[in-house]
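The structure file coords.pdb is reproduced below (PDB, C-alpha atoms).
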```pdb
ATOM      1  CA  MET A 160       0.000   0.000   0.000  1.00  0.00           C
ATOM      2  CA  SER A 161       2.808   2.403   0.872  1.00  0.00           C
ATOM      3  CA  SER A 162       4.606   1.731  -2.422  1.00  0.00           C
ATOM      4  CA  THR A 163       1.441   2.546  -4.354  1.00  0.00           C
ATOM      5  CA  THR A 164       0.858   5.855  -2.590  1.00  0.00           C
ATOM      6  CA  GLY A 165       4.504   6.828  -2.823  1.00  0.00           C
ATOM      7  CA  ALA A 166       4.661   6.519  -6.617  1.00  0.00           C
ATOM      8  CA  PRO A 167       2.680   9.677  -7.489  1.00  0.00           C
ATOM      9  CA  SER A 168       4.729  11.904  -5.186  1.00  0.00           C
ATOM     10  CA  SER A 169       7.952  10.421  -6.575  1.00  0.00           C
ATOM     11  CA  SER A 170       6.822  10.983 -10.147  1.00  0.00           C
ATOM     12  CA  ARG A 171       5.838  14.589  -9.362  1.00  0.00           C
ATOM     13  CA  ARG A 172       9.277  15.162  -7.872  1.00  0.00           C
ATOM     14  CA  PHE A 173      10.973  14.323 -11.160  1.00  0.00           C
ATOM     15  CA  SER A 174       8.357  15.692 -13.568  1.00  0.00           C
ATOM     16  CA  LEU A 175       8.786  19.012 -15.337  1.00  0.00           C
ATOM     17  CA  SER A 176       6.005  21.387 -16.315  1.00  0.00           C
ATOM     18  CA  VAL A 177       5.958  23.695 -19.318  1.00  0.00           C
ATOM     19  CA  ALA A 178       6.908  26.550 -16.974  1.00  0.00           C
ATOM     20  CA  ASP A 179       9.881  24.524 -15.695  1.00  0.00           C
ATOM     21  CA  LEU A 180      11.077  23.833 -19.234  1.00  0.00           C
ATOM     22  CA  THR A 181      10.648  27.488 -20.148  1.00  0.00           C
ATOM     23  CA  GLN A 182      12.711  28.612 -17.162  1.00  0.00           C
ATOM     24  CA  ALA A 183      15.446  26.115 -18.028  1.00  0.00           C
ATOM     25  CA  ALA A 184      15.499  27.317 -21.643  1.00  0.00           C
ATOM     26  CA  VAL A 185      15.718  30.955 -20.529  1.00  0.00           C
ATOM     27  CA  PHE A 186      18.728  30.206 -18.328  1.00  0.00           C
ATOM     28  CA  ALA A 187      20.377  28.178 -21.102  1.00  0.00           C
ATOM     29  CA  ALA A 188      20.026  31.286 -23.267  1.00  0.00           C
ATOM     30  CA  LEU A 189      21.416  33.399 -20.412  1.00  0.00           C
ATOM     31  CA  ILE A 190      24.522  31.220 -20.139  1.00  0.00           C
ATOM     32  CA  ALA A 191      25.001  31.528 -23.900  1.00  0.00           C
ATOM     33  CA  ALA A 192      24.496  35.311 -23.767  1.00  0.00           C
ATOM     34  CA  LEU A 193      27.128  35.646 -21.047  1.00  0.00           C
ATOM     35  CA  GLY A 194      29.612  34.261 -23.561  1.00  0.00           C
ATOM     36  CA  LEU A 195      29.031  37.125 -26.000  1.00  0.00           C
ATOM     37  CA  PRO A 196      31.571  39.486 -24.392  1.00  0.00           C
ATOM     38  CA  GLY A 197      34.228  36.940 -25.372  1.00  0.00           C
ATOM     39  CA  THR A 198      37.157  35.722 -23.327  1.00  0.00           C
ATOM     40  CA  ILE A 199      40.382  37.012 -21.831  1.00  0.00           C
ATOM     41  CA  THR A 200      43.199  34.492 -21.684  1.00  0.00           C
ATOM     42  CA  ILE A 201      45.871  34.996 -19.052  1.00  0.00           C
ATOM     43  CA  GLY A 202      48.858  32.764 -18.456  1.00  0.00           C
ATOM     44  CA  ALA A 203      50.348  29.896 -20.413  1.00  0.00           C
ATOM     45  CA  SER A 204      47.622  27.351 -19.654  1.00  0.00           C
ATOM     46  CA  GLY A 205      45.174  28.917 -22.093  1.00  0.00           C
ATOM     47  CA  VAL A 206      42.313  28.854 -19.583  1.00  0.00           C
ATOM     48  CA  PRO A 207      40.051  31.793 -20.513  1.00  0.00           C
ATOM     49  CA  ILE A 208      38.259  34.218 -18.220  1.00  0.00           C
ATOM     50  CA  THR A 209      34.562  34.002 -19.075  1.00  0.00           C
ATOM     51  CA  LEU A 210      31.275  35.184 -17.601  1.00  0.00           C
ATOM     52  CA  GLN A 211      29.562  31.875 -18.383  1.00  0.00           C
ATOM     53  CA  THR A 212      30.474  30.393 -15.015  1.00  0.00           C
ATOM     54  CA  LEU A 213      28.341  33.190 -13.532  1.00  0.00           C
ATOM     55  CA  GLY A 214      25.438  31.830 -15.581  1.00  0.00           C
ATOM     56  CA  VAL A 215      26.032  28.347 -14.167  1.00  0.00           C
ATOM     57  CA  MET A 216      25.988  29.736 -10.611  1.00  0.00           C
ATOM     58  CA  LEU A 217      22.780  31.656 -11.326  1.00  0.00           C
ATOM     59  CA  ALA A 218      21.094  28.600 -12.840  1.00  0.00           C
ATOM     60  CA  GLY A 219      21.844  26.441  -9.814  1.00  0.00           C
ATOM     61  CA  SER A 220      21.070  29.052  -7.169  1.00  0.00           C
ATOM     62  CA  ILE A 221      17.839  30.310  -8.766  1.00  0.00           C
ATOM     63  CA  LEU A 222      16.389  27.226 -10.466  1.00  0.00           C
ATOM     64  CA  GLY A 223      17.696  24.457  -8.202  1.00  0.00           C
ATOM     65  CA  PRO A 224      18.990  20.983  -9.090  1.00  0.00           C
ATOM     66  CA  ARG A 225      16.389  19.838 -11.639  1.00  0.00           C
ATOM     67  CA  LYS A 226      15.740  22.958 -13.691  1.00  0.00           C
ATOM     68  CA  GLY A 227      19.252  24.319 -13.266  1.00  0.00           C
ATOM     69  CA  THR A 228      20.812  21.067 -14.448  1.00  0.00           C
ATOM     70  CA  LEU A 229      18.398  20.956 -17.374  1.00  0.00           C
ATOM     71  CA  ALA A 230      19.420  24.501 -18.338  1.00  0.00           C
ATOM     72  CA  VAL A 231      23.094  23.491 -18.469  1.00  0.00           C
ATOM     73  CA  ILE A 232      22.240  20.299 -20.376  1.00  0.00           C
ATOM     74  CA  ILE A 233      20.330  22.314 -22.986  1.00  0.00           C
ATOM     75  CA  PHE A 234      23.249  24.721 -23.274  1.00  0.00           C
ATOM     76  CA  ALA A 235      25.813  21.910 -23.536  1.00  0.00           C
ATOM     77  CA  VAL A 236      23.800  19.952 -26.123  1.00  0.00           C
ATOM     78  CA  LEU A 237      23.435  23.036 -28.315  1.00  0.00           C
ATOM     79  CA  ALA A 238      27.159  23.759 -27.974  1.00  0.00           C
ATOM     80  CA  ILE A 239      28.161  20.178 -28.814  1.00  0.00           C
ATOM     81  CA  ALA A 240      25.737  20.244 -31.752  1.00  0.00           C
ATOM     82  CA  GLY A 241      27.941  22.944 -33.247  1.00  0.00           C
ATOM     83  CA  LEU A 242      26.471  26.263 -32.167  1.00  0.00           C
ATOM     84  CA  PRO A 243      29.248  28.760 -31.330  1.00  0.00           C
ATOM     85  CA  ILE A 244      27.733  29.697 -27.970  1.00  0.00           C
ATOM     86  CA  LEU A 245      30.740  29.133 -25.743  1.00  0.00           C
ATOM     87  CA  ALA A 246      32.776  32.192 -24.834  1.00  0.00           C
ATOM     88  CA  GLY A 247      34.970  33.300 -27.686  1.00  0.00           C
ATOM     89  CA  GLY A 248      32.544  31.930 -30.279  1.00  0.00           C
ATOM     90  CA  ARG A 249      33.638  28.332 -29.768  1.00  0.00           C
ATOM     91  CA  SER A 250      31.439  25.288 -30.156  1.00  0.00           C
ATOM     92  CA  GLY A 251      31.282  22.433 -27.684  1.00  0.00           C
ATOM     93  CA  LEU A 252      33.319  20.131 -29.915  1.00  0.00           C
ATOM     94  CA  VAL A 253      36.110  22.702 -30.136  1.00  0.00           C
ATOM     95  CA  ALA A 254      36.063  23.097 -26.367  1.00  0.00           C
ATOM     96  CA  LEU A 255      36.102  19.339 -25.773  1.00  0.00           C
ATOM     97  CA  SER A 256      39.129  18.923 -28.031  1.00  0.00           C
ATOM     98  CA  SER A 257      41.109  21.629 -26.219  1.00  0.00           C
ATOM     99  CA  PRO A 258      43.210  21.386 -23.046  1.00  0.00           C
ATOM    100  CA  THR A 259      40.493  23.362 -21.233  1.00  0.00           C
ATOM    101  CA  ALA A 260      37.820  20.713 -21.913  1.00  0.00           C
ATOM    102  CA  GLY A 261      37.498  19.904 -18.218  1.00  0.00           C
ATOM    103  CA  PHE A 262      36.221  23.371 -17.403  1.00  0.00           C
ATOM    104  CA  PHE A 263      33.372  22.986 -19.911  1.00  0.00           C
ATOM    105  CA  VAL A 264      32.573  19.483 -18.662  1.00  0.00           C
ATOM    106  CA  GLY A 265      32.593  20.863 -15.115  1.00  0.00           C
ATOM    107  CA  PHE A 266      29.536  23.041 -15.784  1.00  0.00           C
ATOM    108  CA  LEU A 267      27.208  20.080 -15.292  1.00  0.00           C
ATOM    109  CA  PRO A 268      28.404  18.757 -11.903  1.00  0.00           C
ATOM    110  CA  ALA A 269      28.832  22.367 -10.756  1.00  0.00           C
ATOM    111  CA  VAL A 270      25.210  23.338 -11.368  1.00  0.00           C
ATOM    112  CA  LEU A 271      24.022  20.084  -9.779  1.00  0.00           C
ATOM    113  CA  VAL A 272      26.055  20.688  -6.603  1.00  0.00           C
ATOM    114  CA  ILE A 273      24.893  24.312  -6.370  1.00  0.00           C
ATOM    115  CA  GLY A 274      21.278  23.345  -7.020  1.00  0.00           C
ATOM    116  CA  LEU A 275      21.195  20.532  -4.455  1.00  0.00           C
ATOM    117  CA  ALA A 276      22.927  22.554  -1.754  1.00  0.00           C
ATOM    118  CA  THR A 277      20.672  25.554  -2.384  1.00  0.00           C
ATOM    119  CA  ALA A 278      17.570  23.358  -2.244  1.00  0.00           C
ATOM    120  CA  ALA A 279      18.759  21.984   1.101  1.00  0.00           C
ATOM    121  CA  MET A 280      18.987  25.561   2.380  1.00  0.00           C
ATOM    122  CA  MET A 281      15.506  26.573   1.249  1.00  0.00           C
ATOM    123  CA  PRO A 282      12.805  27.826   1.780  1.00  0.00           C
ATOM    124  CA  ARG A 283      14.769  30.867   2.971  1.00  0.00           C
ATOM    125  CA  TYR A 284      17.766  31.862   0.866  1.00  0.00           C
ATOM    126  CA  ARG A 285      20.703  33.044   2.977  1.00  0.00           C
ATOM    127  CA  ILE A 286      23.253  35.156   1.120  1.00  0.00           C
ATOM    128  CA  VAL A 287      26.311  34.068   3.135  1.00  0.00           C
ATOM    129  CA  TRP A 288      25.448  30.406   2.696  1.00  0.00           C
ATOM    130  CA  GLY A 289      24.649  31.092  -0.957  1.00  0.00           C
ATOM    131  CA  VAL A 290      28.077  32.591  -1.554  1.00  0.00           C
ATOM    132  CA  GLY A 291      29.723  29.554   0.040  1.00  0.00           C
ATOM    133  CA  ILE A 292      27.626  27.170  -2.047  1.00  0.00           C
ATOM    134  CA  ASN A 293      28.483  29.053  -5.238  1.00  0.00           C
ATOM    135  CA  ILE A 294      32.169  28.925  -4.373  1.00  0.00           C
ATOM    136  CA  VAL A 295      32.087  25.177  -3.747  1.00  0.00           C
ATOM    137  CA  GLY A 296      30.078  24.365  -6.869  1.00  0.00           C
ATOM    138  CA  GLY A 297      31.117  27.136  -9.230  1.00  0.00           C
ATOM    139  CA  MET A 298      34.783  27.176  -8.310  1.00  0.00           C
ATOM    140  CA  VAL A 299      35.971  24.038  -6.500  1.00  0.00           C
ATOM    141  CA  VAL A 300      34.022  21.626  -8.695  1.00  0.00           C
ATOM    142  CA  ILE A 301      34.812  23.389 -11.977  1.00  0.00           C
ATOM    143  CA  TYR A 302      38.462  23.870 -11.028  1.00  0.00           C
ATOM    144  CA  ALA A 303      38.755  20.173 -10.133  1.00  0.00           C
ATOM    145  CA  CYS A 304      37.296  19.134 -13.490  1.00  0.00           C
ATOM    146  CA  GLY A 305      39.528  21.646 -15.245  1.00  0.00           C
ATOM    147  CA  VAL A 306      42.653  20.354 -13.519  1.00  0.00           C
ATOM    148  CA  ILE A 307      41.809  16.793 -14.550  1.00  0.00           C
ATOM    149  CA  GLY A 308      41.383  17.984 -18.138  1.00  0.00           C
ATOM    150  CA  LEU A 309      44.721  19.793 -18.083  1.00  0.00           C
ATOM    151  CA  LEU A 310      46.484  16.711 -16.710  1.00  0.00           C
ATOM    152  CA  LEU A 311      44.978  14.556 -19.461  1.00  0.00           C
ATOM    153  CA  ARG A 312      45.626  16.964 -22.327  1.00  0.00           C
ATOM    154  CA  THR A 313      48.920  18.626 -21.375  1.00  0.00           C
ATOM    155  CA  ASP A 314      52.249  17.714 -19.806  1.00  0.00           C
ATOM    156  CA  LEU A 315      51.633  19.946 -16.787  1.00  0.00           C
ATOM    157  CA  SER A 316      52.400  18.546 -13.355  1.00  0.00           C
ATOM    158  CA  LEU A 317      49.591  18.294 -10.808  1.00  0.00           C
ATOM    159  CA  TRP A 318      50.758  21.370  -8.919  1.00  0.00           C
ATOM    160  CA  ALA A 319      51.218  23.358 -12.138  1.00  0.00           C
ATOM    161  CA  ALA A 320      47.701  22.418 -13.264  1.00  0.00           C
ATOM    162  CA  ILE A 321      46.239  23.421  -9.895  1.00  0.00           C
ATOM    163  CA  SER A 322      48.185  26.685  -9.728  1.00  0.00           C
ATOM    164  CA  THR A 323      46.834  27.826 -13.111  1.00  0.00           C
ATOM    165  CA  ASN A 324      43.540  28.544 -11.343  1.00  0.00           C
ATOM    166  CA  GLY A 325      45.058  30.987  -8.874  1.00  0.00           C
ATOM    167  CA  ILE A 326      44.775  34.046 -11.076  1.00  0.00           C
ATOM    168  CA  TYR A 327      41.042  33.430 -11.626  1.00  0.00           C
ATOM    169  CA  ILE A 328      40.066  33.148  -7.955  1.00  0.00           C
ATOM    170  CA  PRO A 329      39.287  36.845  -7.245  1.00  0.00           C
ATOM    171  CA  GLY A 330      37.022  37.178 -10.285  1.00  0.00           C
ATOM    172  CA  ASP A 331      35.232  33.927  -9.560  1.00  0.00           C
ATOM    173  CA  ILE A 332      34.642  34.912  -5.941  1.00  0.00           C
ATOM    174  CA  ALA A 333      33.073  38.127  -7.241  1.00  0.00           C
ATOM    175  CA  LYS A 334      30.806  36.033  -9.487  1.00  0.00           C
ATOM    176  CA  ALA A 335      29.811  33.871  -6.509  1.00  0.00           C
ATOM    177  CA  VAL A 336      28.840  36.966  -4.537  1.00  0.00           C
ATOM    178  CA  ILE A 337      26.916  38.501  -7.449  1.00  0.00           C
ATOM    179  CA  ALA A 338      25.038  35.251  -8.076  1.00  0.00           C
ATOM    180  CA  ALA A 339      24.076  34.979  -4.393  1.00  0.00           C
ATOM    181  CA  LEU A 340      22.864  38.588  -4.261  1.00  0.00           C
ATOM    182  CA  VAL A 341      20.782  38.133  -7.407  1.00  0.00           C
ATOM    183  CA  ALA A 342      19.409  34.786  -6.196  1.00  0.00           C
ATOM    184  CA  ALA A 343      18.382  36.315  -2.850  1.00  0.00           C
ATOM    185  CA  GLN A 344      16.412  39.052  -4.614  1.00  0.00           C
ATOM    186  CA  VAL A 345      14.763  36.592  -7.006  1.00  0.00           C
ATOM    187  CA  HIS A 346      13.731  34.178  -4.256  1.00  0.00           C
ATOM    188  CA  ARG A 347      12.385  37.056  -2.207  1.00  0.00           C
ATOM    189  CA  ALA A 348      10.264  38.238  -5.129  1.00  0.00           C
ATOM    190  CA  TYR A 349       9.289  34.780  -6.410  1.00  0.00           C
ATOM    191  CA  PRO A 350       9.234  32.278  -3.527  1.00  0.00           C
ATOM    192  CA  GLY A 351       8.829  28.622  -4.403  1.00  0.00           C
ATOM    193  CA  LEU A 352      11.145  28.504  -7.417  1.00  0.00           C
ATOM    194  CA  ILE A 353      13.135  25.764  -5.680  1.00  0.00           C
ATOM    195  CA  ALA A 354      11.416  22.948  -3.805  1.00  0.00           C
ATOM    196  CA  PRO A 355      13.216  22.478  -0.477  1.00  0.00           C
ATOM    197  CA  ILE A 356      15.092  19.221   0.060  1.00  0.00           C
ATOM    198  CA  ARG A 357      14.658  17.747   3.495  1.00  0.00           C
ATOM    199  CA  LEU A 358      17.423  15.423   4.600  1.00  0.00           C
ATOM    200  CA  ARG A 359      15.959  12.391   6.375  1.00  0.00           C
ATOM    201  CA  ARG A 360      17.509  11.429   9.673  1.00  0.00           C
ATOM    202  CA  GLY A 361      17.820   7.810  10.630  1.00  0.00           C
ATOM    203  CA  HIS A 362      15.892   6.571  13.623  1.00  0.00           C
TER     204      HIS A 362
END
```
Go ahead and express the file in the form of structure tokens.
Amino acid sequence: MSSTTGAPSSSRRFSLSVADLTQAAVFAALIAALGLPGTITIGASGVPITLQTLGVMLAGSILGPRKGTLAVIIFAVLAIAGLPILAGGRSGLVALSSPTAGFFVGFLPAVLVIGLATAAMMPRYRIVWGVGINIVGGMVVIYACGVIGLLLRTDLSLWAAISTNGIYIPGDIAKAVIAALVAAQVHRAYPGLIAPIRLRRGH
């Protein structure tokens, strides 16, 4: 009896409405639009400075794990299909064949981590916690994926691959703060965008 009654709630948890799909599509377009200013490449690693990681943070912190992840999936699929929507006018295939492929791949786990952690914080969005969540997902996760990509595609040592991220830390922290401030305003104006996740405690 319990399995029968639990099925509808489980299916609703993973279902997406037209409004959900629309929101995901809008944020996929936002991530693409944030690539229009182009890139600035600093250092020998070739890792570009781009605003698109800000879009990933916004997607996770405003839409949550389901819709935010879908937004990044839509963006990634369009990029891999050949659209030049990555910063600098690159397509997904070009990005995946470059030494910086890990940073592009890192968008997906990053938005998932941000979305899940934000959902666990809801229904009230706290800016300080939001900044920390954005740093963990939008920086630590993406940097980790990027370092793995650099190790696989270049002859850099582990420390050299890790240290390439140092110059990008101040800008990415600023993005994490901006994303948290924007998310706080959005959730205050439109409560209920993210369904809270309640962690079950064992008896």
Residue contacts of region 349-355 of chain A (7 Å, only C-alpha atoms) excluding same-chain residues fewer than 2 positions away, as a PyMOL selection string: chain A and resi 222-223+278-279+281-282+345-347+357
Applying the PyMOL selection byres ((chain A and resi 331-340) around 9) to the file I just gave you, which residues come out? Please list them as a PDB file with C-alpha atoms, in the frame of the given file.
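Done, and the output landed in expr.pdb:
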```
ATOM      1  CA  LEU A 210      31.275  35.184 -17.601  1.00  0.00           C
ATOM      2  CA  THR A 212      30.474  30.393 -15.015  1.00  0.00           C
ATOM      3  CA  LEU A 213      28.341  33.190 -13.532  1.00  0.00           C
ATOM      4  CA  GLY A 214      25.438  31.830 -15.581  1.00  0.00           C
ATOM      5  CA  MET A 216      25.988  29.736 -10.611  1.00  0.00           C
ATOM      6  CA  LEU A 217      22.780  31.656 -11.326  1.00  0.00           C
ATOM      7  CA  SER A 220      21.070  29.052  -7.169  1.00  0.00           C
ATOM      8  CA  ILE A 221      17.839  30.310  -8.766  1.00  0.00           C
ATOM      9  CA  TYR A 284      17.766  31.862   0.866  1.00  0.00           C
ATOM     10  CA  ARG A 285      20.703  33.044   2.977  1.00  0.00           C
ATOM     11  CA  ILE A 286      23.253  35.156   1.120  1.00  0.00           C
ATOM     12  CA  VAL A 287      26.311  34.068   3.135  1.00  0.00           C
ATOM     13  CA  TRP A 288      25.448  30.406   2.696  1.00  0.00           C
ATOM     14  CA  GLY A 289      24.649  31.092  -0.957  1.00  0.00           C
ATOM     15  CA  VAL A 290      28.077  32.591  -1.554  1.00  0.00           C
ATOM     16  CA  GLY A 291      29.723  29.554   0.040  1.00  0.00           C
ATOM     17  CA  ILE A 292      27.626  27.170  -2.047  1.00  0.00           C
ATOM     18  CA  ASN A 293      28.483  29.053  -5.238  1.00  0.00           C
ATOM     19  CA  ILE A 294      32.169  28.925  -4.373  1.00  0.00           C
ATOM     20  CA  GLY A 297      31.117  27.136  -9.230  1.00  0.00           C
ATOM     21  CA  MET A 298      34.783  27.176  -8.310  1.00  0.00           C
ATOM     22  CA  TYR A 327      41.042  33.430 -11.626  1.00  0.00           C
ATOM     23  CA  ILE A 328      40.066  33.148  -7.955  1.00  0.00           C
ATOM     24  CA  PRO A 329      39.287  36.845  -7.245  1.00  0.00           C
ATOM     25  CA  GLY A 330      37.022  37.178 -10.285  1.00  0.00           C
ATOM     26  CA  VAL A 341      20.782  38.133  -7.407  1.00  0.00           C
ATOM     27  CA  ALA A 342      19.409  34.786  -6.196  1.00  0.00           C
ATOM     28  CA  ALA A 343      18.382  36.315  -2.850  1.00  0.00           C
ATOM     29  CA  GLN A 344      16.412  39.052  -4.614  1.00  0.00           C
ATOM     30  CA  VAL A 345      14.763  36.592  -7.006  1.00  0.00           C
TER      31      VAL A 345
END
```
Within 8 Å of file point (25.3, 20.8, -13.2), counting only C-alpha atoms, expressed as an mmCIF file with C-alpha atoms, in the frame of the given file:
```cif
data_model
loop_
_atom_site.group_PDB
_atom_site.id
_atom_site.type_symbol
_atom_site.label_atom_id
_atom_site.label_comp_id
_atom_site.auth_asym_id
_atom_site.auth_seq_id
_atom_site.Cartn_x
_atom_site.Cartn_y
_atom_site.Cartn_z
ATOM 1 C CA VAL A 215 26.032 28.347 -14.167
ATOM 2 C CA GLY A 219 21.844 26.441 -9.814
ATOM 3 C CA PRO A 224 18.990 20.983 -9.090
ATOM 4 C CA GLY A 227 19.252 24.319 -13.266
ATOM 5 C CA THR A 228 20.812 21.067 -14.448
ATOM 6 C CA VAL A 231 23.094 23.491 -18.469
ATOM 7 C CA ILE A 232 22.240 20.299 -20.376
ATOM 8 C CA GLY A 265 32.593 20.863 -15.115
ATOM 9 C CA PHE A 266 29.536 23.041 -15.784
ATOM 10 C CA LEU A 267 27.208 20.080 -15.292
ATOM 11 C CA PRO A 268 28.404 18.757 -11.903
ATOM 12 C CA ALA A 269 28.832 22.367 -10.756
ATOM 13 C CA VAL A 270 25.210 23.338 -11.368
ATOM 14 C CA LEU A 271 24.022 20.084 -9.779
ATOM 15 C CA VAL A 272 26.055 20.688 -6.603
ATOM 16 C CA ILE A 273 24.893 24.312 -6.370
ATOM 17 C CA GLY A 274 21.278 23.345 -7.020
#
```
Excluding Ala238 (chain A) and residues on its chain fewer than 2 positions from it, collect all residues at most 12 Å away from it, counting all atoms listed in the file, and give them as number ranges by chain. A: 187-188, 190-191, 194, 231-236, 240-246, 248-255, 263-264
Save the residues we just selected, C-alpha atoms, as a PDB file, in the coordinates of the input?
```
ATOM      1  CA  ALA A 187      20.377  28.178 -21.102  1.00  0.00           C
ATOM      2  CA  ALA A 188      20.026  31.286 -23.267  1.00  0.00           C
ATOM      3  CA  ILE A 190      24.522  31.220 -20.139  1.00  0.00           C
ATOM      4  CA  ALA A 191      25.001  31.528 -23.900  1.00  0.00           C
ATOM      5  CA  GLY A 194      29.612  34.261 -23.561  1.00  0.00           C
ATOM      6  CA  VAL A 231      23.094  23.491 -18.469  1.00  0.00           C
ATOM      7  CA  ILE A 232      22.240  20.299 -20.376  1.00  0.00           C
ATOM      8  CA  ILE A 233      20.330  22.314 -22.986  1.00  0.00           C
ATOM      9  CA  PHE A 234      23.249  24.721 -23.274  1.00  0.00           C
ATOM     10  CA  ALA A 235      25.813  21.910 -23.536  1.00  0.00           C
ATOM     11  CA  VAL A 236      23.800  19.952 -26.123  1.00  0.00           C
ATOM     12  CA  ALA A 240      25.737  20.244 -31.752  1.00  0.00           C
ATOM     13  CA  GLY A 241      27.941  22.944 -33.247  1.00  0.00           C
ATOM     14  CA  LEU A 242      26.471  26.263 -32.167  1.00  0.00           C
ATOM     15  CA  PRO A 243      29.248  28.760 -31.330  1.00  0.00           C
ATOM     16  CA  ILE A 244      27.733  29.697 -27.970  1.00  0.00           C
ATOM     17  CA  LEU A 245      30.740  29.133 -25.743  1.00  0.00           C
ATOM     18  CA  ALA A 246      32.776  32.192 -24.834  1.00  0.00           C
ATOM     19  CA  GLY A 248      32.544  31.930 -30.279  1.00  0.00           C
ATOM     20  CA  ARG A 249      33.638  28.332 -29.768  1.00  0.00           C
ATOM     21  CA  SER A 250      31.439  25.288 -30.156  1.00  0.00           C
ATOM     22  CA  GLY A 251      31.282  22.433 -27.684  1.00  0.00           C
ATOM     23  CA  LEU A 252      33.319  20.131 -29.915  1.00  0.00           C
ATOM     24  CA  VAL A 253      36.110  22.702 -30.136  1.00  0.00           C
ATOM     25  CA  ALA A 254      36.063  23.097 -26.367  1.00  0.00           C
ATOM     26  CA  LEU A 255      36.102  19.339 -25.773  1.00  0.00           C
ATOM     27  CA  PHE A 263      33.372  22.986 -19.911  1.00  0.00           C
ATOM     28  CA  VAL A 264      32.573  19.483 -18.662  1.00  0.00           C
TER      29      VAL A 264
END
```
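The two atoms in question, CA of Ser322 (chain A) and CA of Ser257 (chain A), are spaced 18.6 Å apart.
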For CA of Gly305 (chain A) and CA of Ala260 (chain A), determine how far apart the two atoms are, in Å to one decimal place.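 Those two atoms sit 6.9 Å apart.
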Which distance in Å separates CA of Val300 (chain A) and CA of Thr181 (chain A), to one decimal?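 One can read the CA of Val300 (chain A) to CA of Thr181 (chain A) distance as 26.7 Å.
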If the PyMOL selection byres ((chain A and resi 312) around 12) is run on the structure shown, which residues does it catch, given as a PDB file with C-alpha atoms, keeping the file's coordinate frame?
```
ATOM      1  CA  SER A 204      47.622  27.351 -19.654  1.00  0.00           C
ATOM      2  CA  GLY A 205      45.174  28.917 -22.093  1.00  0.00           C
ATOM      3  CA  LEU A 255      36.102  19.339 -25.773  1.00  0.00           C
ATOM      4  CA  SER A 256      39.129  18.923 -28.031  1.00  0.00           C
ATOM      5  CA  SER A 257      41.109  21.629 -26.219  1.00  0.00           C
ATOM      6  CA  PRO A 258      43.210  21.386 -23.046  1.00  0.00           C
ATOM      7  CA  THR A 259      40.493  23.362 -21.233  1.00  0.00           C
ATOM      8  CA  ALA A 260      37.820  20.713 -21.913  1.00  0.00           C
ATOM      9  CA  GLY A 261      37.498  19.904 -18.218  1.00  0.00           C
ATOM     10  CA  GLY A 305      39.528  21.646 -15.245  1.00  0.00           C
ATOM     11  CA  VAL A 306      42.653  20.354 -13.519  1.00  0.00           C
ATOM     12  CA  ILE A 307      41.809  16.793 -14.550  1.00  0.00           C
ATOM     13  CA  GLY A 308      41.383  17.984 -18.138  1.00  0.00           C
ATOM     14  CA  LEU A 309      44.721  19.793 -18.083  1.00  0.00           C
ATOM     15  CA  LEU A 310      46.484  16.711 -16.710  1.00  0.00           C
ATOM     16  CA  LEU A 311      44.978  14.556 -19.461  1.00  0.00           C
ATOM     17  CA  THR A 313      48.920  18.626 -21.375  1.00  0.00           C
ATOM     18  CA  ASP A 314      52.249  17.714 -19.806  1.00  0.00           C
ATOM     19  CA  LEU A 315      51.633  19.946 -16.787  1.00  0.00           C
ATOM     20  CA  SER A 316      52.400  18.546 -13.355  1.00  0.00           C
ATOM     21  CA  ALA A 320      47.701  22.418 -13.264  1.00  0.00           C
TER      22      ALA A 320
END
```
